[in-house]
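The next block is coords.pdb, given as PDB, C-alpha atoms.
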ATOM      1  CA  MET W   6     -74.466 -28.426 -58.543  1.00  0.00           C
ATOM      2  CA  LYS W   7     -73.040 -31.643 -59.955  1.00  0.00           C
ATOM      3  CA  SER W   8     -71.447 -34.123 -57.580  1.00  0.00           C
ATOM      4  CA  VAL W   9     -67.878 -33.057 -56.793  1.00  0.00           C
ATOM      5  CA  LEU W  10     -65.240 -35.416 -55.428  1.00  0.00           C
ATOM      6  CA  ASN W  11     -63.824 -34.302 -52.089  1.00  0.00           C
ATOM      7  CA  ILE W  12     -60.347 -35.819 -52.364  1.00  0.00           C
ATOM      8  CA  ALA W  13     -58.312 -35.918 -49.151  1.00  0.00           C
ATOM      9  CA  HIS W  14     -54.665 -35.218 -50.035  1.00  0.00           C
ATOM     10  CA  ARG W  15     -52.502 -37.933 -48.435  1.00  0.00           C
ATOM     11  CA  GLY W  16     -55.505 -38.381 -46.167  1.00  0.00           C
ATOM     12  CA  ALA W  17     -56.549 -35.530 -43.886  1.00  0.00           C
ATOM     13  CA  SER W  18     -52.954 -34.315 -43.875  1.00  0.00           C
ATOM     14  CA  GLY W  19     -53.871 -30.934 -42.432  1.00  0.00           C
ATOM     15  CA  TYR W  20     -54.762 -32.684 -39.182  1.00  0.00           C
ATOM     16  CA  CYS W  21     -52.716 -35.890 -39.131  1.00  0.00           C
ATOM     17  CA  PRO W  22     -49.331 -37.082 -40.389  1.00  0.00           C
ATOM     18  CA  GLU W  23     -49.664 -37.600 -44.132  1.00  0.00           C
ATOM     19  CA  ASN W  24     -50.178 -41.044 -45.657  1.00  0.00           C
ATOM     20  CA  THR W  25     -50.859 -42.791 -42.354  1.00  0.00           C
ATOM     21  CA  MET W  26     -53.852 -44.810 -41.268  1.00  0.00           C
ATOM     22  CA  ALA W  27     -54.717 -41.988 -38.865  1.00  0.00           C
ATOM     23  CA  ALA W  28     -54.880 -39.529 -41.768  1.00  0.00           C
ATOM     24  CA  PHE W  29     -56.997 -41.877 -43.879  1.00  0.00           C
ATOM     25  CA  LYS W  30     -59.460 -42.593 -41.059  1.00  0.00           C
ATOM     26  CA  ARG W  31     -59.707 -38.916 -40.164  1.00  0.00           C
ATOM     27  CA  SER W  32     -60.491 -37.970 -43.759  1.00  0.00           C
ATOM     28  CA  MET W  33     -63.443 -40.335 -43.726  1.00  0.00           C
ATOM     29  CA  GLU W  34     -64.734 -38.655 -40.570  1.00  0.00           C
ATOM     30  CA  LEU W  35     -64.366 -35.195 -42.127  1.00  0.00           C
ATOM     31  CA  GLY W  36     -66.502 -35.860 -45.192  1.00  0.00           C
ATOM     32  CA  ALA W  37     -64.006 -36.923 -47.832  1.00  0.00           C
ATOM     33  CA  THR W  38     -65.474 -38.940 -50.682  1.00  0.00           C
ATOM     34  CA  ALA W  39     -62.051 -39.967 -51.994  1.00  0.00           C
ATOM     35  CA  ILE W  40     -58.539 -40.417 -50.627  1.00  0.00           C
ATOM     36  CA  GLU W  41     -55.371 -39.469 -52.516  1.00  0.00           C
ATOM     37  CA  THR W  42     -52.173 -41.273 -51.583  1.00  0.00           C
ATOM     38  CA  ASP W  43     -48.715 -42.054 -52.974  1.00  0.00           C
ATOM     39  CA  VAL W  44     -47.510 -45.542 -53.892  1.00  0.00           C
ATOM     40  CA  GLN W  45     -43.910 -46.776 -53.832  1.00  0.00           C
ATOM     41  CA  MET W  46     -42.265 -50.186 -53.467  1.00  0.00           C
ATOM     42  CA  THR W  47     -39.975 -51.640 -50.806  1.00  0.00           C
ATOM     43  CA  ALA W  48     -36.834 -53.646 -51.470  1.00  0.00           C
ATOM     44  CA  ASP W  49     -38.844 -56.850 -51.024  1.00  0.00           C
ATOM     45  CA  GLY W  50     -41.621 -55.793 -53.400  1.00  0.00           C
ATOM     46  CA  HIS W  51     -44.370 -54.529 -51.082  1.00  0.00           C
ATOM     47  CA  LEU W  52     -46.547 -51.581 -52.090  1.00  0.00           C
ATOM     48  CA  VAL W  53     -46.344 -48.849 -49.461  1.00  0.00           C
ATOM     49  CA  LEU W  54     -47.926 -45.429 -49.105  1.00  0.00           C
ATOM     50  CA  ILE W  55     -45.403 -42.602 -48.781  1.00  0.00           C
ATOM     51  CA  HIS W  56     -44.730 -39.441 -50.763  1.00  0.00           C
ATOM     52  CA  ASP W  57     -40.970 -38.923 -50.542  1.00  0.00           C
ATOM     53  CA  GLU W  58     -38.495 -41.335 -52.084  1.00  0.00           C
ATOM     54  CA  LEU W  59     -36.309 -40.751 -49.020  1.00  0.00           C
ATOM     55  CA  LEU W  60     -37.506 -41.567 -45.507  1.00  0.00           C
ATOM     56  CA  LYS W  61     -35.777 -38.630 -43.822  1.00  0.00           C
ATOM     57  CA  ARG W  62     -38.586 -36.044 -43.654  1.00  0.00           C
ATOM     58  CA  THR W  63     -41.311 -38.211 -42.158  1.00  0.00           C
ATOM     59  CA  THR W  64     -39.353 -40.861 -40.226  1.00  0.00           C
ATOM     60  CA  GLY W  65     -35.852 -39.492 -39.662  1.00  0.00           C
ATOM     61  CA  SER W  66     -34.214 -42.451 -41.393  1.00  0.00           C
ATOM     62  CA  PRO W  67     -31.495 -41.560 -43.943  1.00  0.00           C
ATOM     63  CA  LYS W  68     -32.457 -44.497 -46.182  1.00  0.00           C
ATOM     64  CA  ALA W  69     -34.592 -44.654 -49.322  1.00  0.00           C
ATOM     65  CA  VAL W  70     -37.874 -46.533 -49.588  1.00  0.00           C
ATOM     66  CA  LYS W  71     -36.443 -48.767 -52.320  1.00  0.00           C
ATOM     67  CA  ASP W  72     -33.607 -49.906 -50.060  1.00  0.00           C
ATOM     68  CA  VAL W  73     -35.562 -51.195 -47.051  1.00  0.00           C
ATOM     69  CA  THR W  74     -37.838 -54.176 -46.489  1.00  0.00           C
ATOM     70  CA  LEU W  75     -41.425 -53.820 -45.360  1.00  0.00           C
ATOM     71  CA  GLU W  76     -40.495 -55.103 -41.908  1.00  0.00           C
ATOM     72  CA  GLU W  77     -37.749 -52.488 -41.587  1.00  0.00           C
ATOM     73  CA  LEU W  78     -40.029 -49.762 -42.920  1.00  0.00           C
ATOM     74  CA  GLN W  79     -42.875 -50.433 -40.513  1.00  0.00           C
ATOM     75  CA  GLN W  80     -40.598 -50.257 -37.508  1.00  0.00           C
ATOM     76  CA  LEU W  81     -40.062 -46.559 -38.224  1.00  0.00           C
ATOM     77  CA  ASP W  82     -42.030 -43.818 -36.485  1.00  0.00           C
ATOM     78  CA  ALA W  83     -43.924 -41.941 -39.218  1.00  0.00           C
ATOM     79  CA  GLY W  84     -46.021 -39.765 -36.905  1.00  0.00           C
ATOM     80  CA  SER W  85     -43.882 -37.916 -34.368  1.00  0.00           C
ATOM     81  CA  TRP W  86     -42.544 -35.454 -36.946  1.00  0.00           C
ATOM     82  CA  PHE W  87     -46.092 -34.089 -37.167  1.00  0.00           C
ATOM     83  CA  ASP W  88     -47.011 -34.310 -33.487  1.00  0.00           C
ATOM     84  CA  PRO W  89     -45.797 -36.544 -30.611  1.00  0.00           C
ATOM     85  CA  ALA W  90     -49.394 -37.721 -30.186  1.00  0.00           C
ATOM     86  CA  PHE W  91     -48.973 -39.694 -33.443  1.00  0.00           C
ATOM     87  CA  ARG W  92     -45.772 -41.543 -32.534  1.00  0.00           C
ATOM     88  CA  GLU W  93     -47.541 -44.909 -32.983  1.00  0.00           C
ATOM     89  CA  GLU W  94     -48.154 -44.247 -36.678  1.00  0.00           C
ATOM     90  CA  TYR W  95     -46.181 -46.146 -39.318  1.00  0.00           C
ATOM     91  CA  ILE W  96     -46.023 -46.255 -43.122  1.00  0.00           C
ATOM     92  CA  PRO W  97     -48.949 -48.417 -44.270  1.00  0.00           C
ATOM     93  CA  THR W  98     -49.330 -50.733 -47.237  1.00  0.00           C
ATOM     94  CA  LEU W  99     -51.768 -50.306 -50.107  1.00  0.00           C
ATOM     95  CA  ARG W 100     -53.465 -53.468 -48.895  1.00  0.00           C
ATOM     96  CA  GLU W 101     -54.180 -51.895 -45.509  1.00  0.00           C
ATOM     97  CA  LEU W 102     -55.816 -48.892 -47.162  1.00  0.00           C
ATOM     98  CA  PHE W 103     -57.976 -51.107 -49.360  1.00  0.00           C
ATOM     99  CA  GLU W 104     -59.024 -53.143 -46.324  1.00  0.00           C
ATOM    100  CA  LEU W 105     -60.051 -49.906 -44.582  1.00  0.00           C
ATOM    101  CA  VAL W 106     -62.127 -48.433 -47.401  1.00  0.00           C
ATOM    102  CA  LYS W 107     -63.530 -51.577 -49.013  1.00  0.00           C
ATOM    103  CA  PRO W 108     -66.760 -51.570 -46.928  1.00  0.00           C
ATOM    104  CA  SER W 109     -67.375 -47.893 -47.784  1.00  0.00           C
ATOM    105  CA  SER W 110     -68.085 -46.093 -51.048  1.00  0.00           C
ATOM    106  CA  LEU W 111     -64.888 -44.031 -50.991  1.00  0.00           C
ATOM    107  CA  GLN W 112     -62.857 -43.706 -54.148  1.00  0.00           C
ATOM    108  CA  ILE W 113     -59.068 -43.943 -54.120  1.00  0.00           C
ATOM    109  CA  ASN W 114     -56.610 -41.814 -56.095  1.00  0.00           C
ATOM    110  CA  LEU W 115     -53.290 -43.654 -56.281  1.00  0.00           C
ATOM    111  CA  GLU W 116     -50.347 -41.510 -57.338  1.00  0.00           C
ATOM    112  CA  LEU W 117     -47.573 -43.733 -58.647  1.00  0.00           C
ATOM    113  CA  LYS W 118     -44.274 -42.241 -57.440  1.00  0.00           C
ATOM    114  CA  ASN W 119     -42.077 -43.548 -60.214  1.00  0.00           C
ATOM    115  CA  GLY W 120     -40.422 -40.464 -61.604  1.00  0.00           C
ATOM    116  CA  VAL W 121     -37.280 -40.194 -59.482  1.00  0.00           C
ATOM    117  CA  VAL W 122     -37.115 -43.940 -58.810  1.00  0.00           C
ATOM    118  CA  LEU W 123     -38.296 -46.216 -61.611  1.00  0.00           C
ATOM    119  CA  TYR W 124     -39.726 -49.187 -59.723  1.00  0.00           C
ATOM    120  CA  PRO W 125     -39.719 -52.232 -62.043  1.00  0.00           C
ATOM    121  CA  GLY W 126     -43.135 -53.890 -62.063  1.00  0.00           C
ATOM    122  CA  LEU W 127     -44.874 -51.163 -60.056  1.00  0.00           C
ATOM    123  CA  GLU W 128     -47.807 -50.847 -62.445  1.00  0.00           C
ATOM    124  CA  GLU W 129     -48.360 -54.608 -62.583  1.00  0.00           C
ATOM    125  CA  ALA W 130     -48.213 -54.925 -58.797  1.00  0.00           C
ATOM    126  CA  VAL W 131     -50.684 -52.076 -58.278  1.00  0.00           C
ATOM    127  CA  MET W 132     -53.140 -53.562 -60.786  1.00  0.00           C
ATOM    128  CA  GLU W 133     -52.854 -56.939 -59.115  1.00  0.00           C
ATOM    129  CA  GLU W 134     -53.763 -55.429 -55.737  1.00  0.00           C
ATOM    130  CA  ILE W 135     -56.656 -53.457 -57.230  1.00  0.00           C
ATOM    131  CA  ASN W 136     -58.035 -56.642 -58.784  1.00  0.00           C
ATOM    132  CA  ARG W 137     -57.533 -58.626 -55.582  1.00  0.00           C
ATOM    133  CA  PHE W 138     -59.901 -56.254 -53.785  1.00  0.00           C
ATOM    134  CA  GLY W 139     -62.266 -55.715 -56.718  1.00  0.00           C
ATOM    135  CA  MET W 140     -61.584 -51.973 -56.625  1.00  0.00           C
ATOM    136  CA  SER W 141     -61.112 -51.187 -60.325  1.00  0.00           C
ATOM    137  CA  ASP W 142     -64.320 -49.125 -60.489  1.00  0.00           C
ATOM    138  CA  ARG W 143     -63.290 -47.056 -57.432  1.00  0.00           C
ATOM    139  CA  VAL W 144     -59.663 -46.268 -58.282  1.00  0.00           C
ATOM    140  CA  ILE W 145     -58.055 -43.568 -60.391  1.00  0.00           C
ATOM    141  CA  ILE W 146     -54.331 -43.801 -61.103  1.00  0.00           C
ATOM    142  CA  SER W 147     -52.365 -40.559 -61.372  1.00  0.00           C
ATOM    143  CA  SER W 148     -48.706 -39.817 -61.967  1.00  0.00           C
ATOM    144  CA  PHE W 149     -46.285 -37.191 -63.228  1.00  0.00           C
ATOM    145  CA  ASN W 150     -44.820 -40.100 -65.214  1.00  0.00           C
ATOM    146  CA  HIS W 151     -47.241 -40.218 -68.127  1.00  0.00           C
ATOM    147  CA  TYR W 152     -45.556 -43.248 -69.658  1.00  0.00           C
ATOM    148  CA  SER W 153     -46.686 -45.058 -66.530  1.00  0.00           C
ATOM    149  CA  LEU W 154     -50.281 -43.937 -67.061  1.00  0.00           C
ATOM    150  CA  VAL W 155     -50.237 -45.322 -70.597  1.00  0.00           C
ATOM    151  CA  LYS W 156     -48.839 -48.594 -69.293  1.00  0.00           C
ATOM    152  CA  CYS W 157     -51.625 -48.827 -66.716  1.00  0.00           C
ATOM    153  CA  LYS W 158     -54.200 -48.373 -69.480  1.00  0.00           C
ATOM    154  CA  GLN W 159     -52.523 -51.112 -71.483  1.00  0.00           C
ATOM    155  CA  LEU W 160     -52.653 -53.457 -68.487  1.00  0.00           C
ATOM    156  CA  ALA W 161     -56.238 -52.557 -67.568  1.00  0.00           C
ATOM    157  CA  PRO W 162     -58.155 -50.516 -70.168  1.00  0.00           C
ATOM    158  CA  GLU W 163     -61.033 -50.058 -67.717  1.00  0.00           C
ATOM    159  CA  ILE W 164     -58.912 -48.261 -65.103  1.00  0.00           C
ATOM    160  CA  ARG W 165     -59.280 -44.491 -64.863  1.00  0.00           C
ATOM    161  CA  THR W 166     -56.120 -42.408 -65.139  1.00  0.00           C
ATOM    162  CA  GLY W 167     -55.352 -38.788 -64.288  1.00  0.00           C
ATOM    163  CA  ILE W 168     -52.519 -36.682 -65.689  1.00  0.00           C
ATOM    164  CA  LEU W 169     -50.568 -34.838 -62.998  1.00  0.00           C
ATOM    165  CA  TYR W 170     -48.957 -31.632 -64.240  1.00  0.00           C
ATOM    166  CA  MET W 171     -48.025 -28.100 -63.249  1.00  0.00           C
ATOM    167  CA  GLU W 172     -48.772 -24.948 -65.258  1.00  0.00           C
ATOM    168  CA  GLY W 173     -48.322 -24.547 -68.978  1.00  0.00           C
ATOM    169  CA  LEU W 174     -49.555 -27.782 -70.539  1.00  0.00           C
ATOM    170  CA  TYR W 175     -51.099 -26.539 -73.778  1.00  0.00           C
ATOM    171  CA  GLU W 176     -54.625 -27.830 -74.486  1.00  0.00           C
ATOM    172  CA  ALA W 177     -54.263 -30.435 -71.787  1.00  0.00           C
ATOM    173  CA  TRP W 178     -57.590 -32.047 -72.721  1.00  0.00           C
ATOM    174  CA  GLU W 179     -56.261 -32.834 -76.201  1.00  0.00           C
ATOM    175  CA  TYR W 180     -53.186 -34.462 -74.698  1.00  0.00           C
ATOM    176  CA  ALA W 181     -55.345 -36.399 -72.237  1.00  0.00           C
ATOM    177  CA  SER W 182     -57.463 -37.746 -75.098  1.00  0.00           C
ATOM    178  CA  ARG W 183     -54.335 -38.778 -76.965  1.00  0.00           C
ATOM    179  CA  ILE W 184     -53.054 -40.964 -74.120  1.00  0.00           C
ATOM    180  CA  GLY W 185     -56.482 -42.190 -73.027  1.00  0.00           C
ATOM    181  CA  ALA W 186     -56.563 -40.366 -69.695  1.00  0.00           C
ATOM    182  CA  ASN W 187     -59.842 -39.645 -67.944  1.00  0.00           C
ATOM    183  CA  ALA W 188     -58.864 -36.688 -65.781  1.00  0.00           C
ATOM    184  CA  LEU W 189     -56.507 -33.748 -65.458  1.00  0.00           C
ATOM    185  CA  HIS W 190     -54.897 -33.466 -62.029  1.00  0.00           C
ATOM    186  CA  ALA W 191     -53.693 -29.930 -62.600  1.00  0.00           C
ATOM    187  CA  TYR W 192     -51.890 -27.563 -60.273  1.00  0.00           C
ATOM    188  CA  ARG W 193     -54.580 -25.250 -58.927  1.00  0.00           C
ATOM    189  CA  PHE W 194     -53.428 -22.199 -60.922  1.00  0.00           C
ATOM    190  CA  ALA W 195     -53.707 -24.128 -64.203  1.00  0.00           C
ATOM    191  CA  VAL W 196     -57.517 -24.191 -64.196  1.00  0.00           C
ATOM    192  CA  THR W 197     -59.991 -21.794 -65.818  1.00  0.00           C
ATOM    193  CA  PRO W 198     -63.721 -22.114 -66.574  1.00  0.00           C
ATOM    194  CA  GLU W 199     -62.936 -22.131 -70.296  1.00  0.00           C
ATOM    195  CA  TRP W 200     -60.471 -25.004 -69.989  1.00  0.00           C
ATOM    196  CA  VAL W 201     -62.824 -26.993 -67.759  1.00  0.00           C
ATOM    197  CA  ALA W 202     -65.545 -26.597 -70.390  1.00  0.00           C
ATOM    198  CA  LYS W 203     -63.194 -27.678 -73.191  1.00  0.00           C
ATOM    199  CA  ALA W 204     -62.207 -30.767 -71.222  1.00  0.00           C
ATOM    200  CA  ALA W 205     -65.837 -31.585 -70.418  1.00  0.00           C
ATOM    201  CA  GLU W 206     -66.600 -31.694 -74.144  1.00  0.00           C
ATOM    202  CA  LYS W 207     -64.223 -34.648 -74.298  1.00  0.00           C
ATOM    203  CA  GLU W 208     -65.593 -36.148 -71.060  1.00  0.00           C
ATOM    204  CA  ILE W 209     -62.373 -35.365 -69.208  1.00  0.00           C
ATOM    205  CA  ALA W 210     -62.608 -34.237 -65.586  1.00  0.00           C
ATOM    206  CA  TYR W 211     -60.530 -31.642 -63.762  1.00  0.00           C
ATOM    207  CA  HIS W 212     -59.263 -32.520 -60.250  1.00  0.00           C
ATOM    208  CA  PRO W 213     -56.939 -29.639 -59.232  1.00  0.00           C
ATOM    209  CA  PHE W 214     -54.414 -29.894 -56.374  1.00  0.00           C
ATOM    210  CA  THR W 215     -53.663 -28.925 -53.554  1.00  0.00           C
ATOM    211  CA  VAL W 216     -56.422 -26.503 -52.599  1.00  0.00           C
ATOM    212  CA  ASN W 217     -56.775 -25.478 -48.956  1.00  0.00           C
ATOM    213  CA  ASP W 218     -58.188 -21.949 -49.070  1.00  0.00           C
ATOM    214  CA  PRO W 219     -62.017 -21.835 -49.091  1.00  0.00           C
ATOM    215  CA  GLU W 220     -62.068 -18.846 -51.462  1.00  0.00           C
ATOM    216  CA  GLU W 221     -59.960 -20.743 -53.962  1.00  0.00           C
ATOM    217  CA  MET W 222     -62.184 -23.780 -53.526  1.00  0.00           C
ATOM    218  CA  ARG W 223     -65.177 -21.592 -54.415  1.00  0.00           C
ATOM    219  CA  ARG W 224     -63.415 -20.272 -57.512  1.00  0.00           C
ATOM    220  CA  LEU W 225     -62.707 -23.781 -58.727  1.00  0.00           C
ATOM    221  CA  LEU W 226     -66.206 -25.011 -57.937  1.00  0.00           C
ATOM    222  CA  ASP W 227     -67.606 -22.083 -59.919  1.00  0.00           C
ATOM    223  CA  ALA W 228     -65.255 -23.047 -62.764  1.00  0.00           C
ATOM    224  CA  GLY W 229     -66.982 -26.431 -62.876  1.00  0.00           C
ATOM    225  CA  VAL W 230     -64.272 -28.822 -61.672  1.00  0.00           C
ATOM    226  CA  SER W 231     -65.263 -32.416 -60.944  1.00  0.00           C
ATOM    227  CA  GLY W 232     -63.144 -32.778 -57.822  1.00  0.00           C
ATOM    228  CA  ILE W 233     -60.714 -30.950 -55.556  1.00  0.00           C
ATOM    229  CA  ILE W 234     -57.661 -32.392 -53.826  1.00  0.00           C
ATOM    230  CA  THR W 235     -57.224 -30.841 -50.381  1.00  0.00           C
ATOM    231  CA  ASP W 236     -55.450 -31.308 -47.055  1.00  0.00           C
ATOM    232  CA  TYR W 237     -58.663 -30.157 -45.332  1.00  0.00           C
ATOM    233  CA  PRO W 238     -61.638 -32.209 -46.574  1.00  0.00           C
ATOM    234  CA  ASP W 239     -63.876 -30.708 -43.880  1.00  0.00           C
ATOM    235  CA  ARG W 240     -63.519 -27.240 -45.445  1.00  0.00           C
ATOM    236  CA  LEU W 241     -64.570 -28.519 -48.843  1.00  0.00           C
ATOM    237  CA  ALA W 242     -67.358 -30.620 -47.333  1.00  0.00           C
ATOM    238  CA  GLU W 243     -68.799 -27.501 -45.703  1.00  0.00           C
ATOM    239  CA  LEU W 244     -68.739 -25.566 -48.984  1.00  0.00           C
ATOM    240  CA  LEU W 245     -70.378 -28.436 -50.850  1.00  0.00           C
ATOM    241  CA  LYS W 246     -73.056 -28.716 -48.171  1.00  0.00           C
ATOM    242  CA  VAL W 247     -73.902 -25.018 -48.519  1.00  0.00           C
ATOM    243  CA  ALA W 248     -73.970 -25.339 -52.323  1.00  0.00           C
ATOM    244  CA  GLU W 249     -76.578 -28.072 -52.077  1.00  0.00           C
ATOM    245  CA  VAL W 250     -78.979 -25.982 -49.973  1.00  0.00           C
TER     246      VAL W 250
END

Would you give me this structure, written as structure tokens?
Amino acid sequence: MKSVLNIAHRGASGYCPENTMAAFKRSMELGATAIETDVQMTADGHLVLIHDELLKRTTGSPKAVKDVTLEELQQLDAGSWFDPAFREEYIPTLRELFELVKPSSLQINLELKNGVVLYPGLEEAVMEEINRFGMSDRVIISSFNHYSLVKCKQLAPEIRTGILYMEGLYEAWEYASRIGANALHAYRFAVTPEWVAKAAEKEIAYHPFTVNDPEEMRRLLDAGVSGIITDYPDRLAELLKVAEV
């Protein structure tokens, strides 16, 4: 079997509060070969890793990410909602994640969260941080905002990009070629062996999300996908280990 990326969704979010340093570290322990996380921007221009535009679900704060400073943001408890044992966890910066993974070989999937909130300069700031750490060959940028993906390619033609989409995108590989994307980050039901083969002819990879059931993982592996985004990287690691025997 070809090498398949084991992409930990918001870190090992099945075991730890999503998009925290605990989740990222745990994913590395569980066999992930890549980490997927969400990038937004604070009021004072810092790149932070959180999925929701509002802070309510994971911290209890009624404010939006765009309206708080980094100092204010990192005073919030981003772990207790998951389990009281994680009450020390906070919302990390992109820089902290890069510092963690730099010594390893892990790849990073950065989802730019700029659909609901259009953060001015987000793409430029992300590219600047990638370059600061020399991570351009280990990063793939994804987004539901495909204009943003095109902009990233314009800023850094060497950067890999992945189109996030749900079901129903007709001949997605043709669209990916048109905008210069390298991968299709498709909802898990929008993947068939035939489509994977069509995309492969154009050297476009499939990385479906979010796949937690081992039987579904097997189906997608048999379909020939190049990576799977999962909350449980240990489950995928076990399947990949068996496949190699």

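Nearest residue to Phe138 in chain W, choosing from W:Ala39, W:Leu189, W:Cys157, W:Leu99 and counting all atoms listed in the file: W:Leu99.
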
Residue members of the PyMOL selection byres ((chain W and resi 156) around 12) in the file shown, as a short mmCIF file (atom, residue, chain, number, x, y, z; two decimals) with C-alpha atoms, in the coordinates of the input:
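This went into expr_29.cif:
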data_model
loop_
_atom_site.label_atom_id
_atom_site.label_comp_id
_atom_site.auth_asym_id
_atom_site.auth_seq_id
_atom_site.Cartn_x
_atom_site.Cartn_y
_atom_site.Cartn_z
CA LEU W 117 -47.57 -43.73 -58.65
CA GLY W 126 -43.14 -53.89 -62.06
CA LEU W 127 -44.87 -51.16 -60.06
CA GLU W 128 -47.81 -50.85 -62.44
CA GLU W 129 -48.36 -54.61 -62.58
CA VAL W 131 -50.68 -52.08 -58.28
CA MET W 132 -53.14 -53.56 -60.79
CA ILE W 146 -54.33 -43.80 -61.10
CA SER W 147 -52.36 -40.56 -61.37
CA SER W 148 -48.71 -39.82 -61.97
CA ASN W 150 -44.82 -40.10 -65.21
CA HIS W 151 -47.24 -40.22 -68.13
CA TYR W 152 -45.56 -43.25 -69.66
CA SER W 153 -46.69 -45.06 -66.53
CA LEU W 154 -50.28 -43.94 -67.06
CA VAL W 155 -50.24 -45.32 -70.60
CA CYS W 157 -51.62 -48.83 -66.72
CA LYS W 158 -54.20 -48.37 -69.48
CA GLN W 159 -52.52 -51.11 -71.48
CA LEU W 160 -52.65 -53.46 -68.49
CA ALA W 161 -56.24 -52.56 -67.57
CA PRO W 162 -58.16 -50.52 -70.17
CA ILE W 164 -58.91 -48.26 -65.10
CA THR W 166 -56.12 -42.41 -65.14
CA ILE W 184 -53.05 -40.96 -74.12
CA GLY W 185 -56.48 -42.19 -73.03
CA ALA W 186 -56.56 -40.37 -69.69
#

Sorted per-residue table, range 79-109 of chain W near range 42-45 of chain W, closest atoms and distance, 12 Å, all atoms listed in the file, as JSON lines:
{"residue": "W:Ile96", "atom": "CA", "partner": "W:Val44", "partner_atom": "CA", "distance": 10.9}
{"residue": "W:Pro97", "atom": "CA", "partner": "W:Val44", "partner_atom": "CA", "distance": 10.1}
{"residue": "W:Thr98", "atom": "CA", "partner": "W:Val44", "partner_atom": "CA", "distance": 8.6}
{"residue": "W:Leu99", "atom": "CA", "partner": "W:Val44", "partner_atom": "CA", "distance": 7.4}
{"residue": "W:Arg100", "atom": "CA", "partner": "W:Val44", "partner_atom": "CA", "distance": 11.1}
{"residue": "W:Leu102", "atom": "CA", "partner": "W:Thr42", "partner_atom": "CA", "distance": 9.5}
{"residue": "W:Phe103", "atom": "CA", "partner": "W:Thr42", "partner_atom": "CA", "distance": 11.6}

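Using only C-alpha atoms, the shortest contact distance between Arg223 in chain W and any of W:Glu243, W:Glu208, W:Asp72, W:Asp57 is found at W:Glu243.
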
Smallest atom-to-atom distance to Val106 in chain W: which of W:Tyr170, W:Tyr175, W:Phe29, W:Tyr180, using all atoms listed in the file?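 Checking each candidate against Val106 in chain W, we get W:Phe29 as the closest.
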
Coordinates-based distance that separates CA of Glu206 in chain W from CA of Gly173 in chain W (Å, one decimal):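 Between CA of Gly173 in chain W and CA of Glu206 in chain W the gap is 20.3 Å.
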
Discussion item. Give me the residues near Glu94 in chain W as number ranges by chain, where near means some atom within 8 Å (using all atoms listed in the file) and where sequence neighbours in that chain fewer than 2 positions away do not count.
Written reply: W: 25-27, 82-85, 91-92, 96

* Given the file above and the PyMOL selection byres ((chain W and resi 16) around 8), which residues are selected, and can you give them as a count of residues only? -> 18

Any idea what's packed within 10 Å of Ala248 in chain W, counting all atoms listed in the file, ignoring anything in its chain fewer than 3 positions away? Could you give it as a list of chain:residue names?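 Near Ala248 in chain W, the qualifying residues are W:Met6, W:Lys7, W:Arg223, W:Leu226, W:Ala242, W:Glu243, W:Leu244, W:Leu245.
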
Of W:Lys107, W:Trp200, W:Leu35, W:Asn187, the one sitting nearest Thr235 in chain W when using all atoms listed in the file is W:Leu35

Could you extract range 28-39 of chain W of the given structure into a file holding C-alpha atoms, as a CSV table (one decimal), in the first residue's frame?
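And here is the file that came out, selection.csv:
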chain,number,residue,atom,x,y,z
W,28,ALA,CA,-4.4,17.5,21.5
W,29,PHE,CA,-1.5,18.1,19.2
W,30,LYS,CA,1.0,16.3,21.5
W,31,ARG,CA,-1.4,13.4,22.0
W,32,SER,CA,-1.8,13.0,18.2
W,33,MET,CA,2.0,12.6,17.9
W,34,GLU,CA,1.9,9.9,20.5
W,35,LEU,CA,-0.9,8.1,18.8
W,36,GLY,CA,0.8,7.7,15.4
W,37,ALA,CA,-0.4,10.7,13.4
W,38,THR,CA,1.8,11.8,10.6
W,39,ALA,CA,0.0,15.1,10.1
